[in-house]
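Visitor: File name data_24.txt; file contents compact mmCIF, C-alpha atoms; full text below.
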```
# COMPACT_ATOMS: atom_id res chain seq x y z
CA MET A 5 28.16 -20.16 9.55
CA ASN A 6 27.84 -16.68 11.01
CA LEU A 7 25.03 -14.64 9.37
CA ASP A 8 27.32 -11.62 8.84
CA ILE A 9 29.84 -13.70 6.93
CA TRP A 10 27.11 -15.49 4.96
CA MET A 11 25.42 -12.25 3.84
CA ARG A 12 28.74 -10.76 2.69
CA GLU A 13 29.54 -13.92 0.72
CA ASN A 14 26.02 -14.22 -0.78
CA PRO A 15 24.70 -10.65 -1.17
CA PHE A 16 22.39 -11.51 -4.11
CA THR A 17 20.72 -14.38 -2.24
CA TYR A 18 20.40 -12.21 0.86
CA ILE A 19 18.78 -9.36 -1.09
CA LEU A 20 16.54 -11.56 -3.25
CA CYS A 21 15.30 -13.89 -0.51
CA GLY A 22 15.28 -11.33 2.28
CA SER A 23 13.51 -8.42 0.63
CA TYR A 24 12.15 -9.18 -2.84
CA ALA A 25 10.85 -12.68 -2.06
CA VAL A 26 9.25 -11.40 1.17
CA ALA A 27 7.65 -8.46 -0.71
CA LEU A 28 6.37 -10.88 -3.38
CA ILE A 29 4.88 -13.18 -0.71
CA ILE A 30 3.18 -10.17 0.93
CA PHE A 31 1.68 -9.05 -2.42
CA VAL A 32 0.51 -12.60 -3.26
CA VAL A 33 -1.07 -13.03 0.20
CA GLU A 34 -2.79 -9.62 -0.10
CA ILE A 35 -4.21 -10.50 -3.54
CA ALA A 36 -5.38 -13.90 -2.26
CA MET A 37 -7.05 -12.27 0.77
CA VAL A 38 -8.85 -9.69 -1.38
CA LYS A 39 -10.08 -12.46 -3.75
CA HIS A 40 -11.18 -14.62 -0.81
CA LYS A 41 -13.01 -11.68 0.80
CA ARG A 42 -14.86 -10.98 -2.47
CA LYS A 43 -15.83 -14.65 -2.81
CA ILE A 44 -17.16 -14.79 0.77
CA THR A 45 -19.02 -11.46 0.42
CA LEU A 46 -20.64 -12.57 -2.85
CA GLN A 47 -21.75 -15.83 -1.21
CA GLN A 48 -23.30 -13.91 1.70
CA VAL A 49 -25.09 -11.50 -0.65
CA ARG A 50 -26.44 -14.42 -2.74
CA LEU A 51 -27.63 -16.22 0.42
CA MET A 52 -29.43 -13.07 1.62
CA ARG A 53 -30.96 -12.60 -1.83
CA ASN A 54 -32.16 -16.21 -1.97
CA ALA A 55 -33.56 -15.95 1.57
CA GLY A 56 -35.43 -12.79 0.54
CA ASP A 57 -36.84 -14.54 -2.57
CA GLU A 58 -38.13 -17.47 -0.49
CA LYS A 59 -40.03 -15.12 1.82
CA MET B 15 -18.94 16.39 -23.84
CA ALA B 16 -18.98 17.28 -20.15
CA ILE B 17 -18.46 14.43 -17.71
CA ASN B 18 -20.32 14.53 -14.44
CA TRP B 19 -17.53 13.39 -12.08
CA PHE B 20 -19.81 13.54 -9.04
CA LYS B 21 -21.71 10.63 -10.57
CA TYR B 22 -18.73 8.39 -9.73
CA SER B 23 -18.72 9.42 -6.07
CA ALA B 24 -21.76 7.16 -5.57
CA PRO B 25 -21.04 3.48 -4.78
CA THR B 26 -23.66 2.49 -7.39
CA THR B 27 -21.66 3.88 -10.31
CA PHE B 28 -18.17 3.54 -8.82
CA TYR B 29 -18.56 -0.22 -8.31
CA GLY B 30 -18.75 -0.88 -12.06
CA LEU B 31 -16.11 1.72 -12.93
CA ALA B 32 -13.66 0.21 -10.40
CA GLY B 33 -14.19 -3.25 -11.88
CA LYS B 34 -13.34 -1.94 -15.35
CA MET B 35 -10.25 -0.05 -14.12
CA ILE B 36 -8.57 -2.91 -12.18
CA PRO B 37 -7.01 -4.71 -15.22
CA TRP B 38 -5.71 -1.39 -16.58
CA PHE B 39 -3.63 -0.96 -13.42
CA ALA B 40 -2.87 -4.60 -12.53
CA PHE B 41 -1.31 -5.79 -15.82
CA PRO B 42 0.95 -2.75 -16.40
CA SER B 43 2.00 -3.10 -12.75
CA ALA B 44 3.18 -6.70 -13.30
CA ILE B 45 5.05 -5.69 -16.48
CA LEU B 46 6.71 -2.73 -14.74
CA PHE B 47 7.75 -4.93 -11.78
CA ALA B 48 9.47 -7.31 -14.21
CA ILE B 49 11.20 -4.44 -16.08
CA GLY B 50 12.21 -2.70 -12.84
CA LEU B 51 13.68 -5.88 -11.34
CA TYR B 52 15.57 -6.63 -14.57
CA ILE B 53 17.11 -3.14 -14.67
CA GLY B 54 17.74 -3.17 -10.91
CA PHE B 55 19.52 -6.52 -10.85
CA PHE B 56 21.11 -6.87 -14.30
CA VAL B 57 21.62 -3.35 -15.72
CA ALA B 58 22.27 -1.08 -12.72
CA PRO B 59 25.97 -1.15 -11.75
CA ILE B 60 27.32 -2.15 -8.34
CA ASP B 61 27.53 0.72 -5.80
CA GLU B 62 31.00 1.91 -4.90
CA THR B 63 30.45 2.05 -1.13
CA GLN B 64 27.47 -0.24 -0.43
CA GLY B 65 28.25 -3.00 -2.92
CA GLU B 66 25.29 -5.15 -3.93
CA PHE B 67 23.29 -4.33 -0.79
CA TYR B 68 22.10 -1.00 -2.23
CA ARG B 69 19.77 -2.97 -4.58
CA ILE B 70 17.36 -3.31 -1.64
CA MET B 71 16.47 0.36 -2.24
CA PHE B 72 14.54 -0.54 -5.42
CA ILE B 73 11.80 -1.97 -3.21
CA HIS B 74 12.57 -0.08 0.02
CA VAL B 75 12.21 3.46 -1.39
CA PRO B 76 8.95 2.86 -3.35
CA ALA B 77 7.45 1.04 -0.33
CA SER B 78 8.39 3.96 1.96
CA ILE B 79 6.99 6.59 -0.43
CA LEU B 80 3.78 4.61 -0.92
CA SER B 81 3.33 4.05 2.82
CA MET B 82 3.46 7.81 3.46
CA PHE B 83 1.43 8.91 0.44
CA LEU B 84 -1.26 6.27 0.95
CA TYR B 85 -1.68 7.48 4.51
CA LEU B 86 -2.31 11.03 3.28
CA VAL B 87 -4.78 9.76 0.66
CA MET B 88 -6.49 7.64 3.35
CA ALA B 89 -6.69 10.63 5.72
CA GLY B 90 -8.02 12.78 2.85
CA TYR B 91 -10.79 10.29 2.08
CA ALA B 92 -11.53 9.92 5.81
CA ALA B 93 -11.82 13.72 6.14
CA LEU B 94 -14.13 13.89 3.10
CA GLY B 95 -16.31 11.19 4.63
CA LEU B 96 -16.38 12.98 7.97
CA ILE B 97 -17.17 16.43 6.55
CA PHE B 98 -19.54 15.60 3.69
CA ASN B 99 -20.82 12.27 5.05
CA THR B 100 -20.13 10.57 1.72
CA ARG B 101 -20.33 6.79 1.89
CA LEU B 102 -17.72 6.04 -0.77
CA SER B 103 -15.02 8.21 0.88
CA ALA B 104 -15.15 6.19 4.09
CA MET B 105 -15.12 2.95 2.08
CA MET B 106 -12.06 4.12 0.17
CA ALA B 107 -10.26 5.01 3.42
CA SER B 108 -11.00 1.50 4.77
CA ALA B 109 -9.76 -0.05 1.51
CA ILE B 110 -6.48 1.88 1.53
CA ALA B 111 -5.48 1.10 5.15
CA PRO B 112 -4.38 -2.58 4.74
CA THR B 113 -2.30 -1.81 1.62
CA GLY B 114 -0.69 1.18 3.34
CA ALA B 115 0.11 -0.97 6.37
CA LEU B 116 1.73 -3.61 4.17
CA PHE B 117 3.86 -1.01 2.40
CA ALA B 118 4.93 0.39 5.79
CA PHE B 119 5.85 -3.14 6.90
CA ILE B 120 7.84 -3.79 3.67
CA SER B 121 9.62 -0.46 4.19
CA LEU B 122 10.63 -1.37 7.75
CA TRP B 123 11.52 -4.96 6.86
CA THR B 124 13.71 -4.08 3.86
CA GLY B 125 15.22 -1.19 5.83
CA ALA B 126 16.28 -3.64 8.53
CA LEU B 127 17.80 -5.94 5.91
CA TRP B 128 19.75 -3.03 4.46
CA GLY B 129 20.73 -1.73 7.91
CA LYS B 130 22.41 -4.95 9.07
CA PRO B 131 25.21 -5.07 6.46
CA THR B 132 25.48 -1.26 6.17
CA TRP B 133 25.07 0.01 9.76
CA GLY B 134 25.77 -3.27 11.55
CA ALA B 135 22.33 -3.34 13.21
CA TRP B 136 18.86 -4.54 12.19
CA TRP B 137 17.18 -1.71 14.08
CA LEU B 138 18.10 1.67 15.60
CA TRP B 139 15.84 4.11 17.42
CA ASP B 140 16.58 6.65 14.70
CA ALA B 141 14.01 9.43 14.04
CA ARG B 142 13.18 8.22 10.49
CA LEU B 143 12.85 4.57 11.53
CA THR B 144 10.84 5.31 14.66
CA SER B 145 8.41 7.64 12.89
CA GLU B 146 7.90 5.02 10.13
CA LEU B 147 7.17 2.42 12.84
CA ILE B 148 4.60 4.84 14.33
CA LEU B 149 3.04 5.08 10.85
CA LEU B 150 2.65 1.29 10.79
CA PHE B 151 1.00 1.43 14.24
CA LEU B 152 -1.33 4.21 13.02
CA TYR B 153 -2.44 2.03 10.10
CA LEU B 154 -2.97 -0.94 12.44
CA GLY B 155 -4.82 1.34 14.89
CA PHE B 156 -7.10 2.57 12.10
CA ILE B 157 -7.89 -1.02 11.01
CA ALA B 158 -8.40 -2.23 14.60
CA LEU B 159 -10.56 0.74 15.61
CA HIS B 160 -12.74 0.35 12.52
CA ALA B 161 -13.15 -3.38 13.14
CA SER B 162 -13.98 -2.93 16.83
CA ILE B 163 -17.16 -0.87 16.22
CA ASP B 164 -20.17 -2.79 14.90
CA ASP B 165 -22.02 0.15 13.34
CA PRO B 166 -20.08 0.94 10.11
CA ARG B 167 -21.02 4.65 10.06
CA ARG B 168 -19.83 5.15 13.64
CA ALA B 169 -16.71 3.11 12.88
CA ASP B 170 -16.02 5.37 9.85
CA ARG B 171 -16.25 8.51 11.99
CA ALA B 172 -14.05 7.20 14.82
CA ALA B 173 -11.39 5.82 12.45
CA ALA B 174 -11.50 9.04 10.38
CA LEU B 175 -10.54 11.09 13.44
CA LEU B 176 -7.57 8.80 14.10
CA ALA B 177 -6.50 9.03 10.43
CA ILE B 178 -6.71 12.84 10.41
CA VAL B 179 -4.82 13.27 13.69
CA GLY B 180 -2.22 10.69 12.64
CA SER B 181 -1.50 12.49 9.36
CA VAL B 182 0.75 14.87 11.32
CA ASN B 183 3.23 11.97 11.42
CA VAL B 184 3.79 11.99 7.63
CA PRO B 185 5.67 15.32 7.45
CA ILE B 186 7.59 14.22 10.57
CA ILE B 187 8.78 11.11 8.69
CA TYR B 188 9.68 13.10 5.59
CA PHE B 189 11.53 15.93 7.34
CA SER B 190 13.02 13.82 10.19
CA VAL B 191 16.35 13.52 8.34
CA ARG B 192 16.57 17.34 8.16
CA TRP B 193 15.20 18.24 11.60
CA TRP B 194 17.26 15.76 13.60
CA ASN B 195 20.76 14.38 13.38
CA THR B 196 19.76 10.96 12.07
CA LEU B 197 21.77 8.01 10.81
CA HIS B 198 19.28 7.52 7.95
CA GLN B 199 20.48 9.23 4.79
CA GLY B 200 18.59 12.14 3.26
CA SER B 201 16.96 12.20 -0.17
CA THR B 202 19.36 11.31 -2.98
CA ILE B 203 16.99 12.58 -5.66
CA LYS B 204 16.26 16.29 -5.32
CA PHE B 205 14.67 18.94 -7.53
CA SER B 206 18.19 20.33 -8.11
CA GLY B 207 19.38 16.98 -9.53
CA THR B 208 20.96 13.73 -8.41
CA SER B 209 24.32 11.99 -8.40
CA MET B 210 22.64 8.60 -8.88
CA HIS B 211 23.58 6.50 -11.94
CA ILE B 212 20.97 6.71 -14.72
CA ALA B 213 20.28 2.94 -14.66
CA MET B 214 19.66 3.11 -10.90
CA GLN B 215 17.21 5.98 -11.50
CA HIS B 216 15.41 3.99 -14.19
CA ALA B 217 15.10 0.94 -11.90
CA LEU B 218 13.90 3.07 -8.99
CA PHE B 219 11.26 5.01 -10.96
CA THR B 220 10.04 1.88 -12.75
CA MET B 221 9.60 0.07 -9.43
CA LEU B 222 7.90 3.15 -7.97
CA ALA B 223 5.42 3.23 -10.88
CA ALA B 224 4.84 -0.54 -10.50
CA CYS B 225 4.10 -0.15 -6.78
CA TRP B 226 1.75 2.76 -7.52
CA LEU B 227 -0.23 0.80 -10.09
CA TYR B 228 -0.33 -2.25 -7.81
CA ALA B 229 -1.64 -0.15 -4.91
CA ILE B 230 -4.38 1.41 -7.07
CA ALA B 231 -5.45 -1.99 -8.46
CA ILE B 232 -5.60 -3.72 -5.09
CA VAL B 233 -7.42 -0.80 -3.41
CA LEU B 234 -10.03 -0.78 -6.20
CA ALA B 235 -10.48 -4.55 -5.83
CA ARG B 236 -10.87 -4.23 -2.05
CA VAL B 237 -13.30 -1.31 -2.22
CA ARG B 238 -15.56 -3.38 -4.50
CA SER B 239 -15.84 -6.01 -1.75
CA ILE B 240 -16.51 -3.30 0.85
CA ILE B 241 -19.25 -1.80 -1.36
CA LEU B 242 -20.81 -5.27 -1.81
CA GLU B 243 -20.74 -5.87 1.95
CA ARG B 244 -22.08 -2.46 2.97
CA GLU B 245 -24.74 -2.13 0.28
CA ARG B 246 -25.90 -5.77 0.40
CA ASN B 247 -29.43 -4.78 1.43
CA THR B 248 -29.97 -2.50 -1.57
CA THR B 249 -31.78 -3.50 -4.75
CA TRP B 250 -28.95 -2.51 -7.12
CA ILE B 251 -26.60 -5.02 -5.46
CA ASN B 252 -29.19 -7.79 -5.86
CA GLU B 253 -29.50 -6.95 -9.55
CA LEU B 254 -25.76 -7.25 -10.26
CA PRO B 255 -24.93 -10.09 -12.72
CA GLU B 256 -22.36 -11.65 -10.34
CA VAL B 257 -24.99 -11.78 -7.56
CA ARG B 258 -27.76 -13.14 -9.80
CA SER B 259 -25.57 -15.91 -11.28
```
How does this structure look as structure tokens?
Guide:
Amino acid sequence: MNLDIWMRENPFTYILCGSYAVALIIFVVEIAMVKHKRKITLQQVRLMRNAGDEK
Amino acid sequence: MAINWFKYSAPTTFYGLAGKMIPWFAFPSAILFAIGLYIGFFVAPIDETQGEFYRIMFIHVPASILSMFLYLVMAGYAALGLIFNTRLSAMMASAIAPTGALFAFISLWTGALWGKPTWGAWWLWDARLTSELILLFLYLGFIALHASIDDPRRADRAAALLAIVGSVNVPIIYFSVRWWNTLHQGSTIKFSGTSMHIAMQHALFTMLAACWLYAIAIVLARVRSIILERERNTTWINELPEVRS
């Protein structure tokens, strides 16, 4: 089916999936990346601290 | 009791404060998103000319406003860092850039989705659209430039210059619909009033508040990681409970 016809017949699906679902995915990915970055940074800081203690 | 606000401009004190503030912005943001979406999809009436497609504006407009305002805040922090050589300002500018870029992307993406059924095209080289695309490139340029320089202090200074120079683009985006004959519509909400239905206004302002709170929460969370990374050689970082555990 042509996209133009489909979007006119299913405007709610088009709006929800096209914009709101994409925005939600972007927010979820951003939150996951920030959490992952914090986890990695904390691991690095702990490693450096432990290495300093051993010396 | 007088509060010494300058105390919180040091990463040492701001780190803890930011950690305490995140839930106060994150949870209300989630609640406001739910309320805004409910009003936007189930309470706000159908638009006479645009039909259901106008509902894209409840995410498109807040994303566009945030993308512009966050750039100005980022440039402000970058300028503070450049002038006063304050560590936290540069860290804040670095923390804002990815969120601003994502809001600029959401603005362009949702604009394209609205443009197809309304204008008949995903993209037009319209002044408003083009200047918003330049804003996205400025954010990406800031992130790339900062990442390409190994010394963080030098990276802060170089990226700050780009942020300050690029801030000239924000008024161009805002006034583009007045200065040029653009296809993009002008502001519907003005200081003199609006013709927008009250339910539409409620949905729009609720979503705008939700996006604001989300942006603050995520920037605070990111700046905490940046502080940890940059200050990892200091004793106060090594004495933090999350590092000691």
Visitor: Could you list, with a cut-off of 6 Å and counting only C-alpha atoms, the residues of chain A near chain B, each shown with its nearest atom pair and the distance in Å rounded to one decimal, rows sorted by chain and ascending number, as JSON lines?
Guide:
```
{"residue": "A:Ser23", "atom": "CA", "partner": "B:Thr124", "partner_atom": "CA", "distance": 5.4}
{"residue": "A:Val38", "atom": "CA", "partner": "B:Arg236", "partner_atom": "CA", "distance": 5.9}
{"residue": "A:Arg42", "atom": "CA", "partner": "B:Ser239", "partner_atom": "CA", "distance": 5.1}
{"residue": "A:Val49", "atom": "CA", "partner": "B:Arg246", "partner_atom": "CA", "distance": 5.9}
{"residue": "A:Arg50", "atom": "CA", "partner": "B:Val257", "partner_atom": "CA", "distance": 5.7}
```
Visitor: Measuring atom to atom with all atoms listed in the file, identify which of B:Ala24, B:Leu154, B:Leu138, B:Ile60 is nearest to Phe16 in chain A.
Guide: B:Ile60
Visitor: For range 91-97 of chain B, work out the shell of residues within 12 Å, counting all atoms listed in the file and skipping chain neighbours fewer than 2 positions away, then give it as number ranges by chain.
Guide: B: 23, 84-89, 99-111, 156, 160, 167-181
Visitor: Rounded to one decimal place, report the CA of Phe41 in chain B-CA of Ala224 in chain B distance in Å.
Guide: 9.7 Å
Visitor: Find the residues near Arg142 in chain B: any atom within 9 Å, counting only C-alpha atoms, skip ones fewer than 5 places away on the same chain, and give them as a list in words.
Guide: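 Surrounding residues, per the criterion: Leu147, Ile186, Ile187, Tyr188, Phe189, Ser190, Val191, Thr196, Leu197 and His198 of chain B.
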